[in-house]
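> What follows is data_10.cif; its format and atoms are mmCIF, C-alpha atoms and all ligand atoms.
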data_protein
loop_
_atom_site.group_PDB
_atom_site.id
_atom_site.type_symbol
_atom_site.label_atom_id
_atom_site.label_comp_id
_atom_site.auth_asym_id
_atom_site.auth_seq_id
_atom_site.Cartn_x
_atom_site.Cartn_y
_atom_site.Cartn_z
ATOM 1 C CA MET T 1 -27.055 182.952 -24.156
ATOM 2 C CA LYS T 2 -24.616 185.853 -24.533
ATOM 3 C CA SER T 3 -20.983 185.216 -25.399
ATOM 4 C CA TYR T 4 -19.807 186.058 -21.862
ATOM 5 C CA ASP T 5 -22.434 183.921 -20.100
ATOM 6 C CA PHE T 6 -21.462 180.627 -18.556
ATOM 7 C CA ASP T 7 -22.986 177.672 -16.661
ATOM 8 C CA ALA T 8 -19.759 175.753 -16.212
ATOM 9 C CA VAL T 9 -16.223 176.498 -15.037
ATOM 10 C CA VAL T 10 -12.777 174.949 -14.886
ATOM 11 C CA TYR T 11 -11.355 174.441 -11.403
ATOM 12 C CA ASN T 12 -8.296 172.352 -10.561
ATOM 13 C CA SER T 13 -8.159 171.218 -14.236
ATOM 14 C CA GLU T 14 -11.637 169.687 -13.866
ATOM 15 C CA ILE T 15 -14.941 170.848 -15.315
ATOM 16 C CA TYR T 16 -17.758 171.742 -12.938
ATOM 17 C CA CYS T 17 -21.254 173.180 -13.195
ATOM 18 C CA ILE T 18 -21.310 176.296 -11.052
ATOM 19 C CA GLU T 19 -23.670 174.471 -8.647
ATOM 20 C CA CYS T 20 -21.369 171.453 -8.480
ATOM 21 C CA LEU T 21 -18.250 173.305 -7.298
ATOM 22 C CA PRO T 22 -16.826 171.987 -4.011
ATOM 23 C CA GLU T 23 -17.958 173.729 -0.855
ATOM 24 C CA GLY T 24 -16.288 177.076 -0.277
ATOM 25 C CA VAL T 25 -15.454 177.499 -3.966
ATOM 26 C CA THR T 26 -17.611 179.793 -6.130
ATOM 27 C CA GLU T 27 -17.474 181.096 -9.672
ATOM 28 C CA ASP T 28 -15.804 184.206 -8.218
ATOM 29 C CA SER T 29 -12.956 182.297 -6.577
ATOM 30 C CA GLU T 30 -9.543 183.125 -7.921
ATOM 31 C CA GLU T 31 -8.632 179.657 -9.274
ATOM 32 C CA VAL T 32 -11.960 179.268 -11.078
ATOM 33 C CA MET T 33 -12.074 179.958 -14.827
ATOM 34 C CA PRO T 34 -15.453 180.434 -16.527
ATOM 35 C CA ILE T 35 -16.264 178.427 -19.665
ATOM 36 C CA PHE T 36 -17.765 181.204 -21.767
ATOM 37 C CA ALA T 37 -20.561 180.560 -24.236
ATOM 38 C CA ASP T 38 -18.444 181.701 -27.174
ATOM 39 C CA SER T 39 -15.512 179.381 -26.389
ATOM 40 C CA GLU T 40 -14.773 176.530 -28.820
ATOM 41 C CA TRP T 41 -14.368 172.914 -27.770
ATOM 42 C CA ASP T 42 -13.521 169.631 -29.502
ATOM 43 C CA LEU T 43 -15.924 167.917 -27.143
ATOM 44 C CA TYR T 44 -18.719 169.440 -25.087
ATOM 45 C CA PRO T 45 -17.436 169.996 -21.553
ATOM 46 C CA VAL T 46 -18.869 167.472 -19.085
ATOM 47 C CA CYS T 47 -19.226 168.174 -15.370
ATOM 48 C CA THR T 48 -16.942 165.926 -13.349
ATOM 49 C CA VAL T 49 -19.542 165.690 -10.560
ATOM 50 C CA CYS T 50 -22.987 165.268 -12.160
ATOM 51 C CA HIS T 51 -21.865 164.434 -15.739
ATOM 52 C CA GLU T 52 -24.072 167.126 -17.241
ATOM 53 C CA ILE T 53 -23.065 167.882 -20.833
ATOM 54 C CA HIS T 54 -22.623 171.622 -21.300
ATOM 55 C CA ASP T 55 -23.674 172.014 -24.894
ATOM 56 C CA TYR T 56 -24.038 175.793 -24.678
ATOM 57 C CA VAL T 57 -20.451 176.281 -25.908
ATOM 58 C CA ASN T 58 -19.368 176.227 -29.544
ATOM 59 C CA LEU T 59 -17.764 173.226 -31.159
ATOM 60 C CA THR T 60 -14.686 173.280 -33.381
ATOM 61 C CA ILE T 61 -15.053 171.691 -36.823
ATOM 62 C CA GLU T 62 -13.558 168.510 -35.343
ATOM 63 C CA GLY T 63 -16.087 168.654 -32.527
ATOM 64 C CA GLN T 64 -19.009 169.111 -34.918
ATOM 65 C CA LYS T 65 -17.852 166.126 -36.955
ATOM 66 C CA TYR T 66 -17.658 164.048 -33.808
ATOM 67 C CA GLU T 67 -21.169 165.041 -32.700
ATOM 68 C CA LEU T 68 -22.549 164.224 -36.121
ATOM 69 C CA GLU T 69 -20.866 160.819 -36.066
ATOM 70 C CA GLN T 70 -22.475 160.162 -32.713
ATOM 71 C CA LYS T 71 -25.872 161.015 -34.141
ATOM 72 C CA GLN T 72 -25.358 158.819 -37.157
ATOM 73 C CA LYS T 73 -24.216 155.955 -34.988
ATOM 74 C CA GLN T 74 -27.738 154.705 -34.497
ATOM 75 C CA TYR T 75 -28.728 151.262 -33.458
ATOM 76 C CA SER T 76 -32.125 149.973 -34.515
ATOM 77 C CA ILE T 77 -33.554 147.789 -31.838
ATOM 78 C CA ASN T 78 -36.845 146.477 -33.125
ATOM 79 C CA GLU T 79 -37.435 148.161 -36.455
ATOM 80 C CA LYS T 80 -39.093 145.173 -38.059
ATOM 81 C CA GLU T 81 -42.033 145.416 -35.735
ATOM 82 C CA LYS T 82 -44.050 148.135 -37.399
ATOM 83 C CA PHE T 83 -47.129 147.836 -35.262
ATOM 84 C CA TRP T 84 -45.863 150.129 -32.520
ATOM 85 C CA LYS T 85 -47.454 153.549 -32.213
ATOM 86 C CA HIS T 86 -44.286 155.643 -32.217
ATOM 87 C CA LEU T 87 -40.624 155.731 -33.086
ATOM 88 C CA TYR T 88 -38.250 157.117 -30.469
ATOM 89 C CA HIS T 89 -34.610 158.085 -30.366
ATOM 90 C CA VAL T 90 -33.271 157.059 -27.008
ATOM 91 C CA TYR T 91 -29.894 158.460 -26.037
ATOM 92 C CA LEU T 92 -28.309 156.577 -23.152
ATOM 93 C CA SER T 93 -24.706 157.732 -23.467
ATOM 94 C CA GLU T 94 -21.911 158.461 -25.911
ATOM 95 C CA ILE T 95 -21.227 154.708 -25.931
ATOM 96 C CA THR T 96 -24.546 153.919 -27.591
ATOM 97 C CA GLY T 97 -25.266 157.027 -29.603
ATOM 98 C CA TYR T 98 -28.949 157.218 -30.469
ATOM 99 C CA LEU T 99 -30.975 154.059 -30.239
ATOM 100 C CA LYS T 100 -33.943 153.804 -32.592
ATOM 101 C CA VAL T 101 -36.769 152.199 -30.685
ATOM 102 C CA ASN T 102 -40.310 151.418 -31.739
ATOM 103 C CA ALA T 103 -42.692 151.595 -28.800
ATOM 104 C CA ASP T 104 -46.092 152.786 -27.666
ATOM 105 C CA HIS T 105 -44.845 155.307 -25.132
ATOM 106 C CA GLU T 106 -41.664 156.708 -23.600
ATOM 107 C CA GLN T 107 -41.417 154.312 -20.677
ATOM 108 C CA ASP T 108 -41.660 151.349 -23.064
ATOM 109 C CA ALA T 109 -39.010 152.873 -25.281
ATOM 110 C CA LEU T 110 -36.666 153.262 -22.341
ATOM 111 C CA ASP T 111 -37.313 149.698 -21.172
ATOM 112 C CA TYR T 112 -36.509 148.304 -24.605
ATOM 113 C CA ALA T 113 -33.395 150.429 -24.875
ATOM 114 C CA ILE T 114 -32.084 149.269 -21.525
ATOM 115 C CA ASP T 115 -32.819 145.601 -22.169
ATOM 116 C CA TYR T 116 -31.009 145.983 -25.469
ATOM 117 C CA ALA T 117 -28.012 147.668 -23.832
ATOM 118 C CA GLU T 118 -27.817 144.849 -21.314
ATOM 119 C CA GLU T 119 -28.026 142.268 -24.074
ATOM 120 C CA MET T 120 -25.222 144.018 -25.951
ATOM 121 C CA GLY T 121 -23.076 143.877 -22.839
ATOM 122 C CA TRP T 122 -22.699 147.643 -22.505
ATOM 123 C CA GLU T 123 -22.038 147.309 -18.789
ATOM 124 C CA GLY T 124 -20.301 150.681 -18.699
ATOM 125 C CA LEU T 125 -23.755 152.281 -18.830
ATOM 126 C CA PHE T 126 -24.917 150.754 -15.579
ATOM 127 C CA PHE T 127 -24.051 150.831 -11.937
ATOM 128 C CA SER T 128 -22.917 147.413 -10.727
ATOM 129 C CA ASN T 129 -24.982 145.711 -8.006
ATOM 130 C CA GLU T 130 -22.150 146.389 -5.609
ATOM 131 C CA GLU T 131 -22.204 150.113 -6.406
ATOM 132 C CA ILE T 132 -25.971 150.195 -5.877
ATOM 133 C CA ASN T 133 -25.716 148.324 -2.569
ATOM 134 C CA ASN T 134 -23.180 150.837 -1.292
ATOM 135 C CA MET T 135 -25.236 153.860 -2.283
ATOM 136 C CA PRO T 136 -27.605 155.711 0.068
ATOM 137 C CA ASP T 137 -31.271 155.404 -0.978
ATOM 138 C CA GLU T 138 -31.741 159.113 -1.627
ATOM 139 C CA GLU T 139 -28.791 159.020 -4.031
ATOM 140 C CA ILE T 140 -30.136 155.976 -5.875
ATOM 141 C CA ASP T 141 -33.427 157.837 -6.357
ATOM 142 C CA GLU T 142 -31.644 160.376 -8.539
ATOM 143 C CA TYR T 143 -30.930 157.731 -11.168
ATOM 144 C CA ILE T 144 -33.208 156.000 -13.616
ATOM 145 C CA CYS T 145 -33.865 152.314 -13.234
ATOM 146 C CA SER T 146 -35.520 150.490 -16.087
ATOM 147 C CA GLY T 147 -35.716 147.335 -18.152
ATOM 148 C CA ASN T 148 -36.572 143.760 -17.190
ATOM 149 C CA HIS T 149 -33.847 143.635 -14.562
ATOM 150 C CA CYS T 150 -34.296 147.180 -13.290
ATOM 151 C CA ARG T 151 -30.741 148.223 -14.101
ATOM 152 C CA TYR T 152 -29.651 151.664 -12.915
ATOM 153 C CA LEU T 153 -28.099 153.928 -15.518
ATOM 154 C CA ASN T 154 -25.061 155.794 -14.198
ATOM 155 C CA SER T 155 -25.799 158.909 -16.253
ATOM 156 C CA HIS T 156 -28.070 161.914 -15.916
ATOM 157 C CA ASN T 157 -28.007 162.563 -19.653
ATOM 158 C CA VAL T 158 -30.643 160.146 -20.827
ATOM 159 C CA THR T 159 -32.959 161.639 -23.428
ATOM 160 C CA ILE T 160 -35.981 160.155 -25.159
ATOM 161 C CA GLU T 161 -37.261 161.915 -28.229
ATOM 162 C CA GLN T 162 -40.336 160.950 -30.193
ATOM 163 C CA VAL T 163 -39.446 161.076 -33.889
ATOM 164 C CA ASP T 164 -42.217 159.375 -35.821
ATOM 165 C CA ASN T 165 -40.592 160.009 -39.126
ATOM 166 C CA ARG T 166 -39.605 156.492 -39.926
ATOM 167 C CA ASP T 167 -37.217 157.551 -42.678
ATOM 168 C CA ILE T 168 -35.278 159.979 -40.523
ATOM 169 C CA GLY T 169 -32.226 157.721 -40.207
ATOM 170 C CA GLU T 170 -30.684 159.017 -43.429
ATOM 171 C CA HIS T 171 -31.362 162.669 -42.714
ATOM 172 C CA PHE T 172 -29.266 163.469 -39.700
ATOM 173 C CA GLY T 173 -27.411 166.310 -41.386
ATOM 174 C CA ASN T 174 -28.311 169.114 -39.040
ATOM 175 C CA ILE T 175 -25.868 170.216 -36.431
ATOM 176 C CA LYS T 176 -27.538 171.728 -33.425
ATOM 177 C CA ASP T 177 -26.679 175.404 -32.972
HETATM 178 ZN ZN ZN T 201 -22.500 169.347 -12.392
#
Can I see the file as structure tokens?
Ligand SMILES: [Zn+2]

Amino acid sequence: MKSYDFDAVVYNSEIYCIECLPEGVTEDSEEVMPIFADSEWDLYPVCTVCHEIHDYVNLTIEGQKYELEQKQKQYSINEKEKFWKHLYHVYLSEITGYLKVNADHEQDALDYAIDYAEEMGWEGLFFSNEEINNMPDEEIDEYICSGNHCRYLNSHNVTIEQVDNRDIGEHFGNIKD
């Protein structure tokens, strides 16, 4: 990405992906300010509509420290059970940081992570039943439902990464560039 490229903008003091701007507003509209790739942020800008994290910008030193802390804030879910095929890092949200999950495949890893989140009482991660009941079906389909109770995560930023280096926990020193 070049320094003057951008995927996100500021409009009305809110952050939007270009695609998420309200109808009739475009990146060329007068009140819209691009978030350029070479700008520096304390926190990655997050779209107010779809909650996408725009990590194409630069982070200030404070921001890099924060990101690193998030990565180091890892919860081990089932580490004692060594008979699983793989180790995964499951990222559900900034609330949880990275969850370390032993599982045989990605879907299992996600199920364990969500059951764990429910157990921990991290209700902020999920849509409530009421929210789900009031949502049109096609909108619900955009979200991931998983775990024993099929809870819907209210985020689009779920990532599952196979790690398989079982000692990696101590080595999270790299800041993504
Ligand atoms: Zn968006």
> Could I get the residue neighbourhood of ligand ZN 201 (chain T) at 12 Å, counting only C-alpha atoms and all ligand atoms, as a list in words?
Asp7, Ala8, Val9, Val10, Glu14, Ile15, Tyr16, Cys17, Ile18, Glu19, Cys20, Leu21, Pro22, Pro45, Val46, Cys47, Thr48, Val49, Cys50, His51, Glu52, Ile53, His54, Ser155, His156 and Asn157 of chain T
> Report as a PyMOL selection string the residues that result from applying the PyMOL selection byres (((chain T and resi 143) around 9) and not hetatm) to the structure here.
chain T and resi 139-142+144-145+152-156
> Need to verify the contact set: Glu161 in chain T, 10 Å, all atoms listed in the file, exclusion of same-chain residues closer than 2 positions in sequence. Can you return it as a list in words?
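So, after excluding close chain neighbours, the residues are Leu87, Tyr88, His89, Val90, Tyr91, Tyr98, Lys100, Glu106, Ala109, Thr159, Val163 and Asp164 of chain T.
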> From the options T:Val158, T:Val101, T:Met135, T:Leu59, which residue's atoms come nearest to Asp38 in chain T, counting all atoms listed in the file?
T:Leu59
> Rounded to one decimal place, report the CA of Leu92 in chain T-CA of Asp104 in chain T distance in Å.
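Separation of CA of Leu92 in chain T and CA of Asp104 in chain T: 18.7 Å.
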> Which residues are close to Gly63 in chain T, i.e. within 9 Å by only C-alpha atoms, leaving aside same-chain residues fewer than 3 positions away? Reply as a PyMOL selection string.
chain T and resi 40-44+58-60+66-68
> Work out how far CA of Asn102 in chain T is from CA of Gly124 in chain T, in Å to one decimal.
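Value for the CA of Gly124 in chain T-CA of Asn102 in chain T distance: 23.9 Å.
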> Figure out the distance between CA of Asp5 in chain T and CA of Ser39 in chain T, please, to one decimal in Å.
10.4 Å
> Name the closest residue to Glu119 in chain T among the candidates T:Thr26, T:Gln72, T:Ser93, T:Asn148; distances are taken between atoms, counting all atoms listed in the file.
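Closest to Glu119 in chain T, using all atoms listed in the file: T:Asn148.
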> When distances are computed from all atoms listed in the file, which of T:Asn129, T:Asn78, T:Asn134, T:Gln107 shows the smallest separation from His149 in chain T?
T:Asn129
> Using all atoms listed in the file, which of T:Cys150, T:Ile95, T:Ala103, T:Ile77 sits nearest Tyr116 in chain T?
T:Ile77
> Return the single residue from T:Glu27, T:Glu62, T:Glu94, T:Asp55 that is closest to Leu125 in chain T, with distances computed using all atoms listed in the file.
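Nearest to Leu125 in chain T: T:Glu94.
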> Rank T:Lys65, T:Arg151, T:His105, T:His86 by their smallest atom-to-atom distance to Ala117 in chain T, using all atoms listed in the file, and report the top residue only.
T:Arg151
